[in-house]
Each structure stands twice: as C-alpha cells, then as structure tokens.
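First the structure, in the form of structure tokens, and then the observations on it.
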Amino acid sequence: MQWDLNWFICTLRSSIGKKLIMALTGLGFCIFLIAHLAGNLTIYAGEDAFNSYAERLQALGSLVVLAEIGLLFFAVAHVFIGAYLFYENFRARPERYLIKKNAGGRTIGSVTMPYTGLFILFFIVLHLIDFHFVEKTDQTIYQIILETFSNPGYAFFYIVSMIIVATHVSHGFWSAFQTLGVYNSEYMSLLRVMGTIFSLAVGLGFGFLPIYILFIS
Amino acid sequence: MQLDSKIPDGPLSEKWDRHRFELKLVNPANKRKFKIIVVGTGLAGGSASATLAELGYEVMTFCIQDSPRRAHSIAAQGGINAAKNYQNDGDSIWRLFYDTIKGGDFRSREANVYRLAQISNNIIDQCVAQGIPFAREYGGQLANRSFGGAQVSRTFYARGQTGQQLLLGAYGSLSRQIAAGKVRLFTRREMLELVVIDGKARGIIARNLVSGEQEKHAADAVVLASGGYGNAFYLSTNAMGSNISAAIASYRKGASFANPCFIQFHPTCIPVHGTYQSKLTLMSESLRNDGRVWVPRNPEDKRPPDQIPETERDYYLEEKYPGFGNLVPRDVASRSAKVQCDMGKGVGDTKLAVYLDIKDAIERDGRDVITEKYGNLFEMYEKITAQNPYETPMMIYPAVHYTMGGLWVDYNLMSAIPGLFVLGEANFSDHGANRLGASALMQGLADGYFIIPYTIGGYLAQASLDTVREDHSAFNESSLQVETRIKKLLSIEGKRTVDDFHRELGHILWENCGMTRKDKGLKKARGLVADLRAEFWENVLVGGSGKEFNQSLEKAGRVADFLDIGELMVIDALERKESCGCHFNEAFQTEENEALRDDENFRHVSAWEYRGEGCDPVFQKEPLEFENVELTQRSYK
Amino acid sequence: MTKTGDKSCINLKLKVWRQKGPDVKGRFETYKTRDVSTDMSFLEMLDVVNEEMILSGKDPIAFDHDCREGICGACGAVVNGRAHGPEKGTTLCQLHMRHFSNGDTVVIEPWRSRAFKVVKDLVVDRSVFDEIIQAGGYISVNTGGAPDGNAIPVPQAAAEKAMDAAACIGCGACVAACPNASAMLFVGAKISQFTLLPQGLPEAKKRALAMIGKMDELGFGNCTNEAECEKECPKEISIENIARMNCEFFKAGFL
Ligand SMILES: Cc1cc2nc3c(=O)[nH]c(=O)nc-3n(C[C@H](O)[C@H](O)[C@H](O)COP(=O)(O)OP(=O)(O)OC[C@H]3O[C@@H](n4cnc5c(N)ncnc54)[C@H](O)[C@@H]3O)c2cc1C
Ligand code: SF4
Ligand code: FES
C-alpha cells in the first residue's frame, strides 16, 4: 500500500480505519438513540405531550430530512463495512477449533455483535415501514402506536428487539471509544460503566413503552 | 604447541584503542563485496549481524528457532553490568575489570577483560538508544542493582527480563537490516558442518529443519555465536534447543576447544523433582540481594521452615563469608550449598535443596517494594512448585548454567581456523574459570556490537580470499559427511531413545564432573562416556526420516555431539591438576575448603585440538600473563 | 508438608491434532496416557507420550518449545479451547499437570489462523510476526555514537508502562485466542513500547503506518474489541495498548 498517496483513503481502508468508521457511525447511532429516546419518553407524559412533540419535530422540516439522510448514510456505511469485516474475520481462520472457550474477554454483546446487528437492520426496516412511512393523514402518530402495539405479537417482537438493541449497544458503546484510542484505563473503566448504563437505558426506555401503553396508560 | 593470543602491546588501558587504530580497514565501497555468515541470533549473533550489516557487509544469519527473537539469550533474567558508576559508589572500568578477573579466579586474559569493561559503558548507551525499557529511578535516571561477586551496584536491568529486552533490541536492529536487504535471514536452520577451504573458513552446511533439505552457503568469513553447551548435562537452565553442534563441527575441522571443563553451576535454581524433568528453572540471582540462604542446623530437623527458630538456622554464607554474605560469587555459593547437603542438612523431599528466605526483606522494605523487585520471579516459582514464596521460604539448589569454556579465540575473537570468528558464550574468552553474574550479556553484546565489527574488517582487509562458490568440492565433501551421519543415525534403529542416552550422559557428568571433582571419578567418567557413546552409535532409536520435520533426529545429532564434548570436558578436568573457580578438584583445596590454584603450573588456558575419530585430542597451552593485577587467593570473607 | 511432595498421578485421554505438513489435511488422534505426575509440566507430559511413541515406532507429536520457562514464546497450543491452557498468565510450558484431573480428556490443537500455517502437528509458522517487526518495530539507530544512557531521562511511570508492553514474547496466543484471528495485541504492544519512550518518538508516525500496513497485508482478521487476547496473553498485556496504537495510527494517518 502506498502511504503517501491518497493517505486519507488509505488510512480509512486499513483495518483500523474500517474500525474507525464503525466506531464513528456507531456513536452517531448512539446519539440518535438518545434523541429518539428523549422524544419517546414524552409518551410517558401522555398522548398530548407525545403528539405535540411529534408535531414540533415535523415543523423542523428540512433539518429532519437532513438528519435522515445523514442517518441513512451512516447506516449504509455501518452495515456494509460491518459485513465486510465479518467476512474478513471469518476468512482469517479457515480451519476452526474443535473446542473454543471464552477466556473471559467476550461478553454476550460482543459475541452476538454481527447477528444482533443483522437483526437490528431487519427491525429498522420494519420499524420505518410501520411508523415512518405510514399514512398519517387521518390519525395521530400516537394512535398508530397504540394500534400497532395492541397486537400482542408485535408488542412482544418490539420488546425483544429492544433487548437486542441494548445488547448490541452494550458492546458497541465502550468499544467505539476503545477504537477511537482512549487508552487511559481510568477513563476506560468509566466508559464501560457508562456503556452499561446507556444500554440499560435504551433497553428499558424503549422496551417498556408497549407495556406502558397497553397496560398502564 | 602454543597458541598466539595476538594481544596488542602497550599499557592495558590503551591496548584496544591502539589495536583498533592498527587494524586494517575495509574500504566502505568494498564492504558490500564481502559475505559474512553469522550462526546464531542470540545477543552475540544478533548484535553482530545487525552491526556488520550496518557497516555494509552482506550478511547471512542462521538460527534453529522459528524466529531470531527466541534465541536462548531471551531467558536471561537478572541484568547486565557496566562500569558507569551512576551510583557514585566507587565503580570504575578498573574495578569492573578487576572484579571480573578475580571472579574468574585469574584464568582469563587481562587484555580481553579490560576491553570488556571499557566497552560495557557503550553497551548501555546503545541499548538505551534502542528503546530498551531499563528500570528507572523516580527522577528518570537509570536504576542499578547489585549482583554476586561485586560490592558496587552496577547492574542494569529491565525487571526480571533483562535478556529478553536486550535481545529484542538486537532483534530490532537485525530486523531493520533484514528489511533493508542487508541481512538474509535463515530460520529453522541448523549448521551441521563448517566448510574449510585452503585453511580458511569459507562456509557452512545447514539443514533446513522443516524440509530436512541440506543447504550449502559460501562466504568470506563465518561468525559463530551459537551459545554454550550446558545441556550436555541434560538438566540445565539452558533452553532445550541450546546445543554444541556448530562448535563441535568447527572443532572437528580444526578450531581448538578451550577450557571445556569450566562449567558454572548457578546457585539459585528450583530443585529437581522428578525423573521426567526436562529442564531446570533459574531464580534470578538478584534474589540473593534480599534473600537469606539457610539450612537447619540440625540435619535431623524435619520441621517446616517457619517452625524452625532463628537460633536453629544456619545462615552458612553469612557466617562463613561476612564480607560478601549472600552475595559471594556463584561458584562459592553453589559449592557451599552442595557441602551443606552432603552433610545431610539439605531440605525438601530429596534433601537436595537449601532455603532462600525473603521474609526479613519483606519486614524491612515492605511487601510492595519486594513485589516490585521480584514479583514475577515469585509468580514463576509458585507456578512450578505450587508454593508461595511470600509465606514459605523458597527451596533452591545449584544447576548447570553457563559454560565458560568454548572455542578458543585470539584477541580478535578469531578461532584457530582463520576466518572463523566465535562470539558470546560459544567462545571461551573473558570469564576465566567462573563468570560473574550479569556479565554474559555484557560479553555477548560487547563481542557483537563493538568488537567483531572492527576485527573482522582487519581480517578481511588483509586475507587474500579467492571467490568461492557453493559448487566447490569442499562443500560437496562436507555435505556428504552430514548426509552420511544422518543416514547412520536413522539406520541404527536400536532400542533406546535419544533422551534416554542424554539423561544418562547428564547423570555421568553431574556425578563426576560437577560442582566438585575427584580424579578417580573423572577417570571413571571417561570410561563411562566412551562406553555410552559407543552404545549410542549402536543402539539409538531415532525414527522418522531425514527429509522431513523430525525433532527426534535433531536431538539425536545434538546428543551425539554432547557425548563428544562430555568426553572432552572430562579429559580437560583431568588435565587441570588444580582447583580454580568452578573447577573444584577435591585434591586441591585450602584448609578452609576453598579452591586452591596452582599458578605456577596451571596459569594457562588449556585448549584441545581434534585429531580424528578415536584419537585423543592434543593439548595446547596458552600461558596467561598478569602484568596489572596481583594473583591472590580469592577471598570473600 | 509441601505440595511439591505430592506425588499423585493421573490418567488422561489426549485428543491431539495431527497434520503432516501445511498442505496436508489434518485430523485428531486419541492417545491414552497413564501415570502422569501432577508435578509435570504440560510439555513434560508430551515428552513422555512422545518417548513412548518413538519406542513403539510411531511418529511423535511435533511441538515448538525452547526455554520452557515462559519467556521465549516458542511453545503454545490451544488446550481444551484455551490458548496456552486454562491458567491465567501462563505459557503452555509453565502449565502444570496439577491443573488437570484424573480421567480428563484433553484436546490439543495448534494455533489456528490463516496467517499462521501449520508446519507440522502443533507447530505453526509465525514468521509473519517477524515481518511485522521488520516493517518498523525498532528504533533506527546504528551501533555506535549513542549519547550517554542518562542523557535522556525517562519518567519512571513511562518506563514501567513501556516495559509492560515490551514484555510480549511473540507467542501468538493473542491471534490464536482472538475470535477474529487478529494480531492487534502483538502489534499494539510493540507500537506502545516505543510511543511511551522519548527515544521512539521521532519515528512514531512512520512506524505506526508501516507496521499496521504490514499487519493488514498478512491475512490477520480485524479487531472487534473482544478482549480475548488480553485474557489469554501469557504476559497479560492490556488492550489499552491497542487503544494507544489506534491513537497513534490516527495521529499518523490524519494529522
Ligand atoms: C536462565 C538464564 C539466565 C541468565 N541470566 C543472565 C543474566 O542475568 N545476566 C547475564 O549476563 N547472563 C545471564 N545468562 C547467560 C546468558 O544469557 C547467555 O550466556 C548468553 O545469552 C548467551 O548468548 P549467545 O548470544 O552467546 O548465545 P545464545 O543466546 O545461546 O544464542 C545461540 C544462537 O545460536 C543458534 N544456534 C545454536 N546452534 C546452532 C546451529 N547448529 N545452527 C544454527 N544456529 C544455531 C541459536 O538458534 C541461537 O540463535 C543467563 C542464562 C540463563 C540460562
Ligand atoms: S501480546 Fe501476549 S499473546 Fe500476543 S504474542 Fe505477545 S505475549 Fe503472546
Ligand atoms: S518454551 Fe519458551 S515460552 Fe514456552
């Protein structure tokens, strides 16, 4: 590889560069999750609060579109590079071990990363069809949610999905910082704790919604 | 016959400078026309390969491991000496020189040892520049510790992994030259023959250990840095692959072998615990800085160590040698342990061990300080013995560790065969009859970084060398020799494994040519080794073929050579009718049971010249002149 | 009194990967071994098995080893799914049989990675590690002319951290244990050592780019921060060194 030519591209194309893209796009999704969660929390404040939040979001207009394009772009990068890394990593060990045990480094989150990732992709597509590209002229978004979640099968699917998202994030969050080069071990322990809190917040914050809507509100 | 050591004239402190000036130089443009083979990638071979390549020579480097970084030097723990006097405790080049000469019981050359002490300082500078993470003081300065045989603190260290770090430094430099195309590296290659043409070393035959193929390599000079032969004893602290084959092959081609009986026993090793045991593990001697060696006063005392009160413990080193205490040189410490065990005062199941107790140091300095210094050693001890040194004293016993003997070389490190240079533990040069701790690393690096680069130039500049290629008949002859021998080894198909013979050889040598020797035992051993060798060549079972990766065959070749060096060792020990350093013949001792030298008759290097299969080697003498130090009875009281 | 005196023996069933050469298909073979002293090291146990095999005319199990004290990095195999066996911070040669129980089945496999070809049985070719070092794992100084050792003070903490990283023995367990067969810990350790020391700084950028570039060429997998390497590394080298390497790489690649 020629390091002096196209250095920027070269850096990104290297193994660490690919990791960097995974980390940055992943962190981008984490920020999105925070914003999304913050918005959704208004559901717990009641129907009106949520609907007015949704309206105000709509009012932002082109800004939202911009963010959506950004997210799409991130998603494409995250998915394709993730898939490519998965393929390369698979190829790196042509003959598998008869027995391979966990030495204590891997977590459920890290072991399942590619699979949870694939699932999340599937979930997002469904989620967008159900809530984003849905016809909203004659019903409020709250009504749509209510209707969708009233199907217990869907509610269950949604809760499971959120657990899976939380699992993905439990590894992804700290891992992104490790990739970004946080080598100070004190910060790293802090980030690991934050990662756990964040994944719990995501899992509970989103996952509890159907239960709340169906049984409590 | 007398050997000419080619020691330069002039005052001791000027010899090396003057010699460097007088050596002919090779024109920089011509250097790349010279090919040099370096066998070995330990501290000596690694540093030599790198430096010769930096100078512009075309270098080919060989090692038996899969990577140059795994040479046996990697295992050195304690440290490396230098006369920096950073501690302001009175050290100097002269003191390091004197300590080394005295430590070697006045059986080494003044000029060599002085040069070593001079160069020691450059080594530290070089290694620091290479990024070796030596231990540091809080202020960022280099830290030192003290080591056996010295009363000043001059040992530089990188935790308990000094050899590893120094070797990785040399390996780094070597790697840089490989990348630059100046060194061609041949790993998993074993040199089996030296090729001599017109009386000069011109190449080697090596076996590719993976494919079994033989390779011929021609060069203008051959540098041997293949390490020591401690493994002749089967159990030693050396790595399993350490061997004498390259040196013995050279000996058979005319290089004399000097002082083969000078073998060092390291006092602080983990004792033997079973017949299946394959090697002995060293606990760094630096432990003697803080540890106290003792045995129960009463041989019948069967209590666990913590129940034996102070008054019933015999701190025999401190009592007998108040001046140096636990820091007496290795030979003295080892022999003392053997004496205690021979008196029945040994501890542990086998009664072949003494205690090394760190308790007082922990009380004095606190556990943290001690952990910082020795933590990794304690962990290692616990892994092997399942005992915790913080709680119960360690058990130690001497083990074969280092061979001061080796191929004879002159001041230029050239052997009796012109064009064959020998460096590091493989030569005999600097340690006399006993090596002080932390000075093998120093010698290996001095030889490789700072001596051979000059002296080889002197040789190449004046030797008129014809071009020699691998199709020269001498290469074919040597190659045939190798092939015949391998065929022979494989065709015997006897009943005993290679290891079995090796174990027996080790036992014979340990019993009769070990820490203490008797003429009677030595004579017996000579017969036993000869018989064992005869049996080996009739009854060994190797298995497999020569054209594949065959570790049993590798071992067989090495053990065959150990049998030869074993015999030479015994012959040499018999010839030296005195005690000096590690060579302790019970017939020659002072009233206080110290080694009694005979300077009048044995103030010389004994070298042995090969005279063919079945013939006794011929004795050669290099007298040692001492103009700058007074020969004294070593005393560490 | 002492546990060393415990002469207990165990019987084991070994399931060992046998492979004649790099391009030959390998398979597992099963051997029974009796009366293994628990004081033996793992390699000594293999020695005994091999000795019996030689005597009965079989091809002994090939394995790399040299120092047998955990420092040369030659030995290594995956034992019951764990690189260098089940003990923490231990090379295979330092693993003792007291960690096994009578009747155990012990599965022994070579390091498996595309970058490490099997030479024979448990012996693999790790020369790719040498290639990575050749790409820049050193400080470019020629012999001679170095300034006094104390001319550049090195903060003690930095020297200690550099030493933590420099302790790597190049055994390859990190690659073997990594679910992705990545060599990041090995490379990270070397890059870190020189980043932490003032002597290493002048070449820091070049070194990071060259070593990582070489690593990428050689067929290792990509790091996904699983931390298995750190857990299996016999020298317990921290993945903090991987983070430091990443940081160095970005500095070199983008700044
Ligand atoms: C456990 C231990 C601890 C030690 N601690 C210290 C210490 O603290 N301080 C100190 O100063 N000294 C110490 N020593 C001694 C010191 O480590 C050695 O004397 C020194 O490292 C020898 O270096 P060398 O370069 O001569 O040979 P080695 O490092 O032994 O290298 C020999 C090289 O030759 C190669 N080779 C051998 N035979 C052949 C062949 N036939 N063909 C091709 N290649 C071959 C090998 O592959 C290897 O690369 C210690 C020794 C041991 C065993
Ligand atoms: S980082 Fe650890 S596991 Fe990897 S090669 Fe170095 S010592 Fe072995
Ligand atoms: S044999 Fe050297 S590390 Fe295991």
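Starting from 1 in every chain, residues are counted up; chains themselves are A, B, ... following the order of the structure tokens, and ligands are numbered from 1 as listed.
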Exercise answer, 6 Å around ligand 2 with only C-alpha atoms and all ligand atoms, as a PDB file with N, CA, C and O atoms, in the first residue's frame:
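Okay, out16.pdb is ready:
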ATOM      1  N   CYS C 168       5.931  -8.589  25.840  1.00  0.00           N
ATOM      2  CA  CYS C 168       5.376  -9.527  24.850  1.00  0.00           C
ATOM      3  C   CYS C 168       6.449 -10.522  24.415  1.00  0.00           C
ATOM      4  O   CYS C 168       7.567 -10.154  24.105  1.00  0.00           O
ATOM      5  N   ILE C 169       6.081 -11.799  24.393  1.00  0.00           N
ATOM      6  CA  ILE C 169       7.044 -12.830  23.997  1.00  0.00           C
ATOM      7  C   ILE C 169       6.808 -13.315  22.571  1.00  0.00           C
ATOM      8  O   ILE C 169       7.443 -14.263  22.125  1.00  0.00           O
ATOM      9  N   GLY C 170       5.875 -12.684  21.880  1.00  0.00           N
ATOM     10  CA  GLY C 170       5.668 -13.050  20.474  1.00  0.00           C
ATOM     11  C   GLY C 170       5.175 -14.463  20.271  1.00  0.00           C
ATOM     12  O   GLY C 170       5.515 -15.117  19.287  1.00  0.00           O
ATOM     13  N   CYS C 171       4.362 -14.941  21.225  1.00  0.00           N
ATOM     14  CA  CYS C 171       3.955 -16.343  21.158  1.00  0.00           C
ATOM     15  C   CYS C 171       2.824 -16.572  20.170  1.00  0.00           C
ATOM     16  O   CYS C 171       2.663 -17.671  19.640  1.00  0.00           O
ATOM     17  N   GLY C 172       2.013 -15.547  19.956  1.00  0.00           N
ATOM     18  CA  GLY C 172       0.896 -15.703  19.023  1.00  0.00           C
ATOM     19  C   GLY C 172      -0.403 -16.145  19.666  1.00  0.00           C
ATOM     20  O   GLY C 172      -1.399 -16.361  18.974  1.00  0.00           O
ATOM     21  N   ALA C 173      -0.413 -16.253  20.996  1.00  0.00           N
ATOM     22  CA  ALA C 173      -1.648 -16.680  21.660  1.00  0.00           C
ATOM     23  C   ALA C 173      -2.768 -15.680  21.438  1.00  0.00           C
ATOM     24  O   ALA C 173      -3.943 -16.050  21.377  1.00  0.00           O
ATOM     25  N   CYS C 174      -2.398 -14.412  21.298  1.00  0.00           N
ATOM     26  CA  CYS C 174      -3.424 -13.390  21.084  1.00  0.00           C
ATOM     27  C   CYS C 174      -4.164 -13.656  19.777  1.00  0.00           C
ATOM     28  O   CYS C 174      -5.389 -13.554  19.714  1.00  0.00           O
ATOM     29  N   LEU C 185      -3.006  -7.126  19.339  1.00  0.00           N
ATOM     30  CA  LEU C 185      -2.361  -7.000  20.643  1.00  0.00           C
ATOM     31  C   LEU C 185      -0.847  -7.041  20.469  1.00  0.00           C
ATOM     32  O   LEU C 185      -0.120  -6.243  21.056  1.00  0.00           O
ATOM     33  N   PHE C 186      -0.396  -7.955  19.637  1.00  0.00           N
ATOM     34  CA  PHE C 186       1.041  -8.063  19.376  1.00  0.00           C
ATOM     35  C   PHE C 186       1.571  -6.749  18.794  1.00  0.00           C
ATOM     36  O   PHE C 186       2.572  -6.204  19.264  1.00  0.00           O
ATOM     37  N   CYS C 233      -3.336 -13.695  26.939  1.00  0.00           N
ATOM     38  CA  CYS C 233      -1.916 -13.349  26.797  1.00  0.00           C
ATOM     39  C   CYS C 233      -1.146 -13.826  28.021  1.00  0.00           C
ATOM     40  O   CYS C 233      -1.479 -13.472  29.139  1.00  0.00           O
ATOM     41  N   PRO C 234      -0.112 -14.635  27.823  1.00  0.00           N
ATOM     42  CA  PRO C 234       0.634 -15.133  28.980  1.00  0.00           C
ATOM     43  C   PRO C 234       1.349 -14.010  29.730  1.00  0.00           C
ATOM     44  O   PRO C 234       1.713 -14.176  30.886  1.00  0.00           O
ATOM     45  N   LYS C 235       1.539 -12.897  29.082  1.00  0.00           N
ATOM     46  CA  LYS C 235       2.192 -11.781  29.761  1.00  0.00           C
ATOM     47  C   LYS C 235       1.167 -10.734  30.185  1.00  0.00           C
ATOM     48  O   LYS C 235       1.518  -9.636  30.589  1.00  0.00           O
ATOM     49  N   ILE C 237      -0.753  -8.706  28.707  1.00  0.00           N
ATOM     50  CA  ILE C 237      -0.637  -7.387  28.088  1.00  0.00           C
ATOM     51  C   ILE C 237      -2.033  -6.824  27.846  1.00  0.00           C
ATOM     52  O   ILE C 237      -2.911  -7.508  27.352  1.00  0.00           O
TER      53      ILE C 237
END
**Message:** Using only C-alpha atoms and a cut-off of 7 Å, which residues of chain A sit close to chain C? Please list them as a ChimeraX atom specification.
**Reply:** /A:7-8,11,14-16,85,88-90,92-96,99-101,103-106,110,175,178-183,185
**Asked** Quick one: residues within 10 Å of segment 67-84 of chain A, only C-alpha atoms counted, chain neighbours fewer than 2 positions away excluded, as a list in words?
**Response**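 Here the qualifying residues turn out to be Lys18, Lys19, Ile21, Met22, Ala23, Leu24, Thr25, Gly26, Gly28, Phe29, Phe32, Ser62, Leu63, Val64, Val65, Phe86, Tyr87, Glu88, Asn89, Phe90, Met113, Pro114, Gly117, Leu118 and Leu121 of chain A.
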Using 12 Å as the limit and counting only C-alpha atoms and all ligand atoms, can you tabulate each residue of chain C that touches ligand 1, with its shortest atom-to-atom distance in Å and the two atoms involved, as a Markdown table?
| residue | atom | partner | partner_atom_place_in_ligand_line | distance |
| --- | --- | --- | --- | --- |
| C:Asp66 | CA | ligand 1 | 47 (O) | 9.9 |
| C:Cys67 | CA | ligand 1 | 1 (C) | 8.2 |
| C:Arg68 | CA | ligand 1 | 1 (C) | 10.0 |
| C:Glu69 | CA | ligand 1 | 1 (C) | 8.4 |
| C:Gly70 | CA | ligand 1 | 1 (C) | 10.9 |
| C:Ile71 | CA | ligand 1 | 1 (C) | 9.8 |
| C:Cys72 | CA | ligand 1 | 29 (O) | 10.8 |
| C:Ala74 | CA | ligand 1 | 47 (O) | 12.0 |
**Request:** Please report, as a ChimeraX atom specification, each residue of segment 65-126 of chain C to which DSSP assigns strand (DSSP E) when run on this structure's backbone.
**Result:** /C:78-79,82-83,105-109,117-120,123-125
**Asked** Which distance in Å separates atom CA of Tyr251 of chain B and atom CA of Lys182 of chain B, to one decimal?
**Response** 29.3 Å
**Prompt:** Pick from B:Ala560, B:Leu423, B:Leu142, B:Ala333: nearest to Ala48 of chain B, with only C-alpha atoms counted?
**Reply:** B:Leu423
**Request:** Give as a ChimeraX atom specification every residue of chain B that touches chain C within 6 Å, counting only C-alpha atoms.
**Result:** /B:70,125-126,128,130-131,133,136,138,140-141,172,175-176,179,239-241,385
For the selection you just gave me, I'd like the residues written to a file as an mmCIF file, in the first residue's frame, keeping C-alpha atoms.
data_model
loop_
_atom_site.group_PDB
_atom_site.id
_atom_site.type_symbol
_atom_site.label_atom_id
_atom_site.label_comp_id
_atom_site.auth_asym_id
_atom_site.auth_seq_id
_atom_site.Cartn_x
_atom_site.Cartn_y
_atom_site.Cartn_z
ATOM 1 C CA ARG B 70 13.724 -16.774 20.518
ATOM 2 C CA ASP B 125 24.219 3.791 25.852
ATOM 3 C CA GLN B 126 23.471 1.782 22.743
ATOM 4 C CA VAL B 128 19.058 2.912 25.819
ATOM 5 C CA GLN B 130 17.356 1.354 21.025
ATOM 6 C CA GLY B 131 14.473 1.944 23.397
ATOM 7 C CA PRO B 133 12.900 -0.106 28.886
ATOM 8 C CA ARG B 136 14.435 3.882 36.145
ATOM 9 C CA TYR B 138 11.879 8.423 40.072
ATOM 10 C CA GLY B 140 14.083 9.304 35.275
ATOM 11 C CA GLN B 141 17.701 8.149 35.611
ATOM 12 C CA GLY B 172 15.004 -4.946 16.275
ATOM 13 C CA SER B 175 15.067 -6.760 11.650
ATOM 14 C CA ARG B 176 15.831 -3.297 10.368
ATOM 15 C CA ALA B 179 14.108 -5.026 5.834
ATOM 16 C CA ALA B 239 16.875 -23.684 26.661
ATOM 17 C CA MET B 240 16.004 -27.116 25.330
ATOM 18 C CA GLY B 241 17.484 -26.370 21.934
ATOM 19 C CA THR B 385 6.231 -25.564 42.800
#
**Fill in**
In Å and to one decimal, atom CA of Met60 of chain B is distant from atom CA of Ala258 of chain B by 26.8 Å
**Prompt:** How far is it from atom CA of Leu57 of chain A to atom CA of Ala35 of chain A, in Å with one decimal?
**Reply:** 11.3 Å
**Request:** Would you mind listing what lies within 12 Å of segment 210-213 of chain A as a ChimeraX atom specification, with only C-alpha atoms counted and same-chain residues fewer than 2 positions away left out?
**Result:** /A:40-47,142-162,204-208,215-217
**Asked** Which residue gives the smallest distance to ligand 3 among C:Ala189, C:Val49, C:Val106, C:Ala77, with only C-alpha atoms and all ligand atoms counted?
**Response**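 That would be C:Ala77, the residue with the smallest distance to ligand 3.
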